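> The structure file start_29.cif (mmCIF, C-alpha atoms) is provided below.
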```cif
data_run
#
loop_
_atom_site.label_atom_id
_atom_site.label_comp_id
_atom_site.auth_asym_id
_atom_site.auth_seq_id
_atom_site.Cartn_x
_atom_site.Cartn_y
_atom_site.Cartn_z
CA MET A 171 86.45 54.80 146.75
CA PRO A 172 88.43 52.22 144.76
CA ALA A 173 90.25 53.11 141.57
CA GLU A 174 88.42 52.29 138.37
CA TRP A 175 90.99 49.68 137.33
CA GLU A 176 90.35 47.60 140.46
CA PRO A 177 88.15 44.51 139.87
CA HIS A 178 84.50 45.19 139.07
CA GLU A 179 81.45 43.18 139.89
CA ALA A 180 79.43 45.10 137.31
CA THR A 181 79.04 48.22 135.21
CA TRP A 182 75.84 50.25 135.55
CA LEU A 183 74.25 52.05 132.59
CA ALA A 184 70.83 53.42 131.67
CA TRP A 185 69.22 52.57 128.35
CA PRO A 186 68.97 55.72 126.16
CA HIS A 187 65.49 57.11 125.61
CA GLU A 188 65.57 60.92 125.74
CA ARG A 189 65.49 61.86 122.05
CA THR A 190 66.09 65.55 122.67
CA ASP A 191 69.58 64.73 123.96
CA TRP A 192 70.51 63.67 120.42
CA PRO A 193 68.36 65.99 118.27
CA GLY A 194 67.97 64.56 114.79
CA LYS A 195 70.47 61.76 115.46
CA PHE A 196 68.80 59.54 118.06
CA ALA A 197 68.31 56.51 115.76
CA PRO A 198 71.91 55.20 115.97
CA ILE A 199 72.31 55.82 119.72
CA PRO A 200 70.73 52.58 121.06
CA TRP A 201 73.02 50.66 118.70
CA VAL A 202 76.08 52.53 119.98
CA TYR A 203 75.02 51.66 123.53
CA ALA A 204 74.50 48.04 122.52
CA ASP A 205 78.00 47.83 121.05
CA ILE A 206 79.47 49.21 124.28
CA MET A 207 77.45 46.73 126.32
CA ARG A 208 78.55 43.90 124.03
CA HIS A 209 82.16 44.57 124.98
CA LEU A 210 81.39 44.99 128.67
CA ALA A 211 79.36 41.77 128.87
CA ARG A 212 82.46 39.82 127.80
CA VAL A 213 84.32 40.83 130.97
CA GLU A 214 81.78 41.63 133.71
CA ARG A 215 78.09 41.91 134.49
CA VAL A 216 76.17 44.73 132.88
CA ARG A 217 73.33 46.26 134.91
CA ILE A 218 70.92 48.37 132.90
CA LEU A 219 68.27 50.80 134.12
CA VAL A 220 65.15 50.82 131.94
CA GLN A 221 61.95 52.85 131.99
CA ASP A 222 59.62 49.86 131.99
CA ARG A 223 59.25 46.28 130.74
CA GLY A 224 58.54 47.50 127.22
CA GLU A 225 61.89 49.28 127.07
CA GLU A 226 63.55 46.17 128.51
CA ARG A 227 62.12 44.05 125.70
CA ALA A 228 63.30 46.55 123.08
CA ALA A 229 66.76 46.68 124.66
CA ARG A 230 67.00 42.89 124.71
CA ARG A 231 66.22 42.73 120.98
CA ILE A 232 68.88 45.29 120.10
CA LEU A 233 71.46 43.68 122.38
CA GLN A 234 70.77 40.25 120.93
CA LYS A 235 71.11 41.52 117.37
CA SER A 236 74.37 43.21 118.36
CA GLY A 237 75.86 39.98 119.69
CA ALA A 238 75.84 40.85 123.38
CA ASP A 239 75.85 38.03 125.92
CA LEU A 240 72.43 38.49 127.53
CA ALA A 241 73.33 35.98 130.24
CA ALA A 242 75.65 38.65 131.65
CA VAL A 243 73.00 41.40 131.60
CA ASP A 244 70.62 42.38 134.42
CA PHE A 245 67.73 44.81 133.97
CA PHE A 246 66.29 47.09 136.66
CA ILE A 247 63.16 49.16 136.20
CA ALA A 248 64.09 52.67 137.33
CA PRO A 249 62.77 55.57 135.25
CA THR A 250 65.35 58.24 134.37
CA ASN A 251 65.33 61.66 132.74
CA ARG A 252 68.48 61.28 130.68
CA GLY A 253 70.56 58.35 131.73
CA TRP A 254 74.10 59.70 132.30
CA THR A 255 74.69 57.11 135.00
CA ARG A 256 78.10 58.39 136.06
CA ASP A 257 76.52 61.53 137.43
CA PHE A 258 73.29 60.41 139.11
CA GLY A 259 74.28 56.83 139.95
CA ALA A 260 75.60 55.66 143.29
CA ILE A 261 79.31 56.01 143.93
CA PHE A 262 80.48 52.73 145.43
CA VAL A 263 83.09 52.44 148.17
CA LYS A 264 84.89 49.42 149.52
CA ARG A 265 86.01 48.28 152.96
CA CYS A 266 89.74 47.73 153.31
CA SER A 267 90.59 44.25 154.54
CA THR A 268 93.70 45.51 156.37
CA ASP A 269 95.47 48.79 156.95
CA ALA A 270 98.31 47.46 154.81
CA ASP A 271 95.97 47.25 151.83
CA HIS A 272 95.13 50.95 152.01
CA PRO A 273 97.42 52.68 154.52
CA LYS A 274 96.30 56.13 153.37
CA SER A 275 92.58 55.40 153.19
CA ARG A 276 91.67 53.90 156.54
CA SER A 277 88.38 55.81 156.46
CA LEU A 278 87.19 53.38 153.81
CA ALA A 279 87.15 50.61 156.40
CA ARG A 280 84.24 52.25 158.29
CA PRO A 281 82.63 55.71 158.54
CA PRO A 282 85.29 58.01 160.05
CA ALA A 283 85.11 58.59 163.79
CA ARG A 284 84.80 62.34 163.33
CA ALA A 285 81.89 61.83 160.96
CA ASP A 286 80.28 59.29 163.32
CA ALA A 287 80.09 62.03 165.94
CA ARG A 288 77.96 63.99 163.50
CA ALA A 289 75.59 61.13 162.75
CA ALA A 290 72.54 63.38 162.87
CA ASP A 291 74.03 65.55 160.14
CA ARG A 292 75.16 62.63 158.01
CA SER A 293 71.74 60.95 157.71
CA LEU A 294 73.34 57.53 157.69
CA VAL A 295 71.06 55.02 156.00
CA MET A 296 71.95 51.36 156.54
CA THR A 297 70.34 48.84 154.21
CA GLY A 298 71.05 45.15 154.80
CA LEU A 299 74.28 45.86 156.65
CA ALA A 300 76.22 42.75 157.64
CA ALA A 301 79.39 42.60 159.67
CA GLY A 302 81.30 41.20 156.69
CA ALA A 303 80.04 43.69 154.11
CA SER A 304 82.90 44.92 151.96
CA VAL A 305 81.09 47.13 149.42
CA ALA A 306 78.75 50.03 150.18
CA ALA A 307 77.12 52.79 148.17
CA THR A 308 77.05 56.55 148.60
CA LYS A 309 73.84 58.06 147.23
CA TRP A 310 74.40 61.74 146.46
CA ARG A 311 71.76 64.23 145.42
CA PHE A 312 71.54 65.02 141.69
CA SER A 313 70.32 68.34 140.24
CA ALA A 314 71.09 67.95 136.50
CA TRP A 315 74.36 69.86 136.80
CA ALA A 316 72.43 72.84 138.24
CA LYS A 317 71.42 73.60 134.66
CA TYR A 318 68.29 71.69 133.62
CA ASP A 319 64.86 71.46 135.22
CA ASP A 320 64.21 67.76 134.58
CA TRP A 321 66.27 65.84 137.13
CA GLN A 322 63.78 64.34 139.57
CA LYS A 323 63.65 60.86 137.99
CA ASP A 324 67.43 60.68 137.74
CA ASN A 325 67.78 61.70 141.37
CA ALA A 326 65.33 59.00 142.48
CA ALA A 327 66.48 56.18 140.19
CA MET A 328 69.04 54.59 142.49
CA ASN A 329 66.62 54.71 145.43
CA ARG A 330 64.61 52.06 143.55
CA VAL A 331 67.68 49.93 142.88
CA LEU A 332 69.98 50.07 145.91
CA PRO A 333 67.68 48.18 148.33
CA LYS A 334 67.87 45.21 145.96
CA LEU A 335 71.66 45.09 146.33
CA LYS A 336 71.51 44.45 150.09
CA MET A 337 74.44 46.68 150.95
CA PRO A 338 75.04 49.66 153.24
CA VAL A 339 74.00 53.00 151.76
CA TRP A 340 75.15 56.42 152.95
CA GLU A 341 73.34 59.60 151.94
CA PRO A 342 76.00 62.31 152.31
CA ARG A 343 75.02 65.48 154.15
CA HIS A 344 76.99 68.60 155.05
CA GLN A 345 75.90 71.74 156.86
CA GLY A 346 72.56 70.08 157.50
CA ARG A 347 71.61 69.41 153.88
CA PRO A 348 72.08 66.69 151.24
CA VAL A 349 75.22 67.08 149.14
CA VAL A 350 74.90 67.40 145.37
CA LEU A 351 77.76 65.63 143.59
CA GLU A 352 78.23 64.03 140.17
CA GLY A 353 80.59 61.13 139.61
CA GLY A 354 82.10 62.83 136.57
CA SER A 355 83.39 65.67 138.75
CA ILE A 356 85.85 63.47 140.66
CA GLU A 357 88.68 61.08 139.81
CA VAL A 358 90.50 58.88 142.34
CA ASN A 359 93.58 56.67 142.48
CA GLY A 360 92.11 54.32 145.11
CA ALA A 361 94.85 55.15 147.60
CA GLY A 362 93.55 58.42 149.01
CA THR A 363 94.11 60.99 146.24
CA LEU A 364 91.17 62.69 144.50
CA LEU A 365 91.22 65.10 141.54
CA THR A 366 88.51 67.66 140.82
CA THR A 367 88.10 71.16 139.36
CA GLU A 368 87.49 74.58 140.82
CA GLU A 369 85.20 75.47 137.93
CA CYS A 370 82.78 72.66 138.75
CA LEU A 371 82.73 72.71 142.55
CA LEU A 372 83.73 76.26 143.55
CA SER A 373 82.31 78.49 140.80
CA ALA A 374 79.18 80.60 141.34
CA GLU A 375 77.97 79.47 137.91
CA GLN A 376 75.89 76.25 137.88
CA GLN A 377 76.37 76.19 141.65
CA ARG A 378 75.33 72.82 143.09
CA ASN A 379 75.84 73.55 146.78
CA PRO A 380 75.72 77.28 147.57
CA GLY A 381 78.06 78.22 150.37
CA PHE A 382 80.41 75.25 150.07
CA GLU A 383 84.07 76.23 149.99
CA ARG A 384 87.24 74.27 149.35
CA ALA A 385 87.54 73.11 152.96
CA ASP A 386 83.93 71.86 152.93
CA TRP A 387 84.57 69.71 149.88
CA GLU A 388 87.78 68.32 151.30
CA ALA A 389 85.96 67.30 154.48
CA ILE A 390 83.15 65.70 152.45
CA PHE A 391 85.57 63.72 150.29
CA ARG A 392 87.48 62.56 153.38
CA ASP A 393 84.36 61.54 155.26
CA TYR A 394 82.48 59.73 152.50
CA LEU A 395 85.08 58.62 149.93
CA GLY A 396 88.21 58.16 152.04
CA ALA A 397 90.13 60.83 150.11
CA THR A 398 92.88 62.30 152.26
CA ASN A 399 94.59 64.27 149.47
CA VAL A 400 92.39 66.48 147.24
CA LEU A 401 94.03 68.04 144.17
CA TRP A 402 92.35 70.98 142.40
CA LEU A 403 92.57 71.73 138.70
CA ASN A 404 91.03 74.87 137.22
CA ARG A 405 88.72 74.71 134.19
CA GLY A 406 87.13 72.08 131.96
CA ILE A 407 86.88 71.86 128.18
CA ALA A 408 84.85 73.91 125.72
CA GLY A 409 81.35 72.59 125.07
CA ASP A 410 81.05 70.87 128.44
CA ASP A 411 77.58 71.61 129.84
CA THR A 412 78.60 70.26 133.26
CA HIS A 413 80.83 73.31 133.78
CA GLY A 414 84.12 71.58 134.39
CA HIS A 415 83.89 67.82 134.89
CA VAL A 416 87.31 66.34 135.47
CA ASP A 417 86.64 63.13 133.50
CA ASP A 418 87.02 65.09 130.26
CA LEU A 419 90.40 66.40 131.43
CA VAL A 420 92.60 64.02 133.40
CA ARG A 421 92.42 60.42 134.55
CA PHE A 422 94.47 58.19 136.79
CA VAL A 423 95.82 55.13 134.98
CA ASN A 424 97.62 53.70 138.03
CA PRO A 425 98.11 54.96 141.61
CA THR A 426 100.97 57.29 140.66
CA THR A 427 100.27 58.21 137.02
CA VAL A 428 97.75 60.52 135.37
CA VAL A 429 97.03 61.09 131.70
CA THR A 430 95.76 64.53 130.75
CA VAL A 431 94.49 66.03 127.50
CA VAL A 432 96.39 68.88 125.84
CA GLU A 433 95.50 71.07 122.87
CA SER A 434 98.27 71.86 120.37
CA ASP A 435 96.42 74.65 118.53
CA ARG A 436 97.18 77.93 120.36
CA SER A 437 94.11 79.57 118.83
CA ASP A 438 91.72 76.96 120.21
CA ALA A 439 89.58 77.80 123.26
CA ASN A 440 90.98 74.75 125.07
CA TYR A 441 94.65 75.63 124.68
CA GLU A 442 95.21 77.89 127.70
CA PRO A 443 92.97 76.05 130.21
CA LEU A 444 94.56 72.70 129.38
CA GLN A 445 98.07 74.15 129.58
CA GLU A 446 97.26 75.55 133.02
CA ASN A 447 95.93 72.19 134.18
CA LEU A 448 99.05 70.49 132.82
CA ALA A 449 101.29 72.89 134.75
CA ARG A 450 99.32 72.29 137.95
CA LEU A 451 99.54 68.52 137.56
CA ARG A 452 103.31 68.71 137.18
CA ASP A 453 103.49 70.41 140.58
CA MET A 454 101.08 68.03 142.32
CA LYS A 455 101.92 65.18 144.66
CA ASP A 456 100.09 62.02 145.66
CA GLN A 457 98.96 61.07 149.17
CA ASP A 458 102.51 59.99 150.03
CA GLY A 459 104.10 63.24 148.89
CA ARG A 460 105.47 61.81 145.65
CA PRO A 461 105.21 63.86 142.42
CA LEU A 462 102.65 62.54 139.98
CA ARG A 463 103.89 61.00 136.75
CA VAL A 464 102.09 62.99 134.03
CA GLU A 465 101.40 61.64 130.52
CA THR A 466 99.46 63.44 127.80
CA LEU A 467 96.72 62.72 125.29
CA PRO A 468 95.90 64.90 122.29
CA MET A 469 92.53 66.55 121.90
CA PRO A 470 90.52 65.64 118.81
CA GLN A 471 89.83 68.38 116.32
CA PRO A 472 86.75 70.37 117.38
CA VAL A 473 83.50 68.47 116.85
CA TRP A 474 80.55 70.66 115.87
CA PHE A 475 76.89 69.92 115.18
CA ASP A 476 74.38 72.53 114.06
CA GLY A 477 76.62 75.35 115.28
CA GLN A 478 77.24 73.82 118.71
CA ARG A 479 80.70 72.76 119.87
CA LEU A 480 80.54 69.36 121.54
CA PRO A 481 82.72 68.15 124.47
CA ALA A 482 84.76 65.59 122.57
CA SER A 483 87.68 64.26 124.63
CA TYR A 484 89.75 61.09 124.64
CA ALA A 485 89.98 61.37 128.44
CA ASN A 486 86.38 60.18 128.71
CA PHE A 487 87.48 56.53 128.46
CA TYR A 488 86.15 53.78 130.71
CA ILE A 489 88.26 51.11 132.44
CA ALA A 490 86.48 47.76 132.78
CA ASN A 491 87.76 44.31 133.72
CA LYS A 492 90.43 43.37 131.13
CA ILE A 493 89.47 46.15 128.70
CA VAL A 494 89.54 49.94 128.25
CA LEU A 495 86.86 51.52 126.06
CA VAL A 496 87.99 54.75 124.39
CA PRO A 497 85.83 57.26 122.49
CA THR A 498 86.99 57.98 118.96
CA PHE A 499 85.81 60.75 116.65
CA SER A 500 86.81 59.85 113.05
CA ASP A 501 89.80 62.06 113.68
CA PRO A 502 93.51 61.83 112.78
CA HIS A 503 94.32 61.92 116.51
CA ASP A 504 92.31 58.77 117.23
CA ARG A 505 95.26 56.50 116.54
CA ALA A 506 97.67 58.46 118.74
CA ALA A 507 95.18 58.43 121.63
CA LEU A 508 94.58 54.69 121.32
CA ASN A 509 98.32 53.97 121.11
CA THR A 510 99.07 56.11 124.18
CA LEU A 511 96.39 54.39 126.24
CA ALA A 512 97.47 50.94 125.03
CA ALA A 513 100.97 51.69 126.34
CA LEU A 514 99.56 52.88 129.68
CA PHE A 515 97.32 49.80 130.05
CA PRO A 516 99.59 46.97 128.85
CA ASP A 517 97.49 44.27 130.55
CA ARG A 518 94.18 45.40 129.06
CA GLU A 519 92.72 45.37 125.58
CA VAL A 520 92.16 48.95 124.43
CA ILE A 521 89.08 49.27 122.20
CA GLY A 522 88.00 52.32 120.24
CA ILE A 523 84.27 53.13 120.21
CA ALA A 524 82.92 55.44 117.51
CA ALA A 525 81.51 58.32 119.55
CA ARG A 526 80.91 61.15 117.09
CA ASP A 527 77.15 60.57 117.27
CA LEU A 528 77.21 59.79 121.00
CA VAL A 529 78.91 63.06 121.97
CA LEU A 530 75.95 65.04 120.64
CA GLY A 531 74.35 64.07 123.96
CA LEU A 532 77.21 66.06 125.60
CA GLY A 533 78.89 62.99 127.05
CA THR A 534 80.52 59.73 125.99
CA LEU A 535 81.80 56.51 127.57
CA HIS A 536 82.75 57.52 131.08
CA CYS A 537 79.67 59.71 131.46
CA MET A 538 77.32 56.83 130.65
CA THR A 539 78.93 54.19 132.91
CA GLN A 540 79.41 53.66 136.64
CA GLN A 541 81.50 50.84 138.10
CA GLN A 542 80.48 48.65 141.03
CA PRO A 543 83.60 47.17 142.66
CA ALA A 544 83.88 43.45 143.28
CA GLY A 545 83.35 42.23 146.82
CA SER A 546 80.72 40.71 149.05
CA ALA A 547 77.74 42.89 149.85
#
```
With the file now loaded, output its structure as structure tokens.

Amino acid sequence: MPAEWEPHEATWLAWPHERTDWPGKFAPIPWVYADIMRHLARVERVRILVQDRGEERAARRILQKSGADLAAVDFFIAPTNRGWTRDFGAIFVKRCSTDADHPKSRSLARPPARADARAADRSLVMTGLAAGASVAATKWRFSAWAKYDDWQKDNAAMNRVLPKLKMPVWEPRHQGRPVVLEGGSIEVNGAGTLLTTEECLLSAEQQRNPGFERADWEAIFRDYLGATNVLWLNRGIAGDDTHGHVDDLVRFVNPTTVVTVVESDRSDANYEPLQENLARLRDMKDQDGRPLRVETLPMPQPVWFDGQRLPASYANFYIANKIVLVPTFSDPHDRAALNTLAALFPDREVIGIAARDLVLGLGTLHCMTQQQPAGSA
């Protein structure tokens, strides 16, 4: 799995339609999406899932009024329940051209030999495979974070889309059953190291894959994503209905550097969990045994709506070609977060996106996007 800062062919999103995700505040949400897509369309293709042709026409009107370059936008009819594309969308992987390009991730070049021996268990699905294919997709099962009942459309959405991309597709299996995994629960540096949390993948609460233990996950990540070095944090942030997604906590900004959120208020529910994660990160090493460089981001002041604490975090930024989109919350810490990320991404334009309305849906920029790496299919 390539790092997010590596070149993209496109960003995938799903047009917002589920009004109950933003109760009483849905009206501005399509315009927030359109503004995000306007920025993305300047630097790469934008691929949008829509419910039907009527929703496509409505989306086109809003995008046009918002100044988005429609020539850079592709629409795919694929009904969804919610549209948090990071979590139900395919996770793309890339073939290494030489061992020197990815000395620690040789399993990206082809399915690992050990996994090939278990082909019956892996349920390997090959769609349009060519000898020179460099990009493939992994299609994981989605269960709405083991929390909500309406997930069937989300789980099926990419099955309608992936055959049109003419690339290999793997459907990960382990212990004889499909693996449930959300893209927001993992973070990679593209060189073999993967970050995740115990709360999300090992807890008995909101359990996606009953019976899976740490060793099972490490084998799955090695076999399907080329991760040879899995690093485990503990808990996620308050208000997170995913029960511990890592993309609200810590992100790689280059192969050896992570940026992690910290809470300065000792009385806040996030203070102790984020301090523990920070301490763990400072003891962690990359795939080559080198200590990680650890930088920090502040947390915004708590964001509440109708008595509910929302999972507002500056770590939920999205890295696209030439730009980084960062959620902001009309908060005094916005400027510090933007300045920190601008220093960490000196070759990219860092753009703040007003996300105080968006986060009512319990996610922001990283949750709604999924990158497709550049390369021939």
> Selection in question (the file shown): the PyMOL selection byres ((chain A and resi 202-215) around 9). Which residues does it include, as a PyMOL selection string?
chain A and resi 178-183+185-186+198-201+216-217+229+232-244+490-493+495+521+523-525+527-528+535
> Quick one: apply the PyMOL selection byres ((chain A and resi 376-388) around 7) to the file and drop the selected residues here as a PyMOL selection string.
chain A and resi 315-317+349-350+372-375+389-392+400
> Got a sec to resolve the PyMOL selection byres ((chain A and resi 456) around 12) on this structure and send the residues as JSON, numbers by chain?
{"A": [274, 358, 359, 360, 361, 362, 363, 364, 365, 397, 398, 399, 400, 401, 422, 424, 425, 426, 427, 428, 451, 452, 453, 454, 455, 457, 458, 459, 460, 461, 462, 463, 464]}
> Looking at A:Leu467, A:Ile218, A:Val431, A:Leu532, which one is nearest to Thr255 (chain A), with distances taken over only C-alpha atoms?
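Nearest candidate to Thr255 (chain A) out of A:Leu467, A:Ile218, A:Val431, A:Leu532: A:Ile218.
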> In Å, with one decimal, what is the gap from CA of Val529 (chain A) to CA of Asp501 (chain A)?
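Separation of CA of Val529 (chain A) and CA of Asp501 (chain A): 13.7 Å.
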> Pick out the closest residue to Asp324 (chain A) from this set: A:Pro472, A:Gly259, A:Pro516, A:Pro497. Count only C-alpha atoms.
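Checking each candidate against Asp324 (chain A), we get A:Gly259 as the closest.
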> When distances are computed from all atoms listed in the file, which of A:Gln540, A:Phe245, A:Ala173, A:Pro333 shows the smallest separation from Gly224 (chain A)?
A:Phe245
> Which distance in Å separates CA of Asn329 (chain A) and CA of Phe487 (chain A), to one decimal?
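Result for CA of Asn329 (chain A) versus CA of Phe487 (chain A): 27.0 Å, one decimal.
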> Give me, please, the distance in Å between CA of Val429 (chain A) and CA of Thr308 (chain A), quoted to one decimal.
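A separation of 26.6 Å between them.
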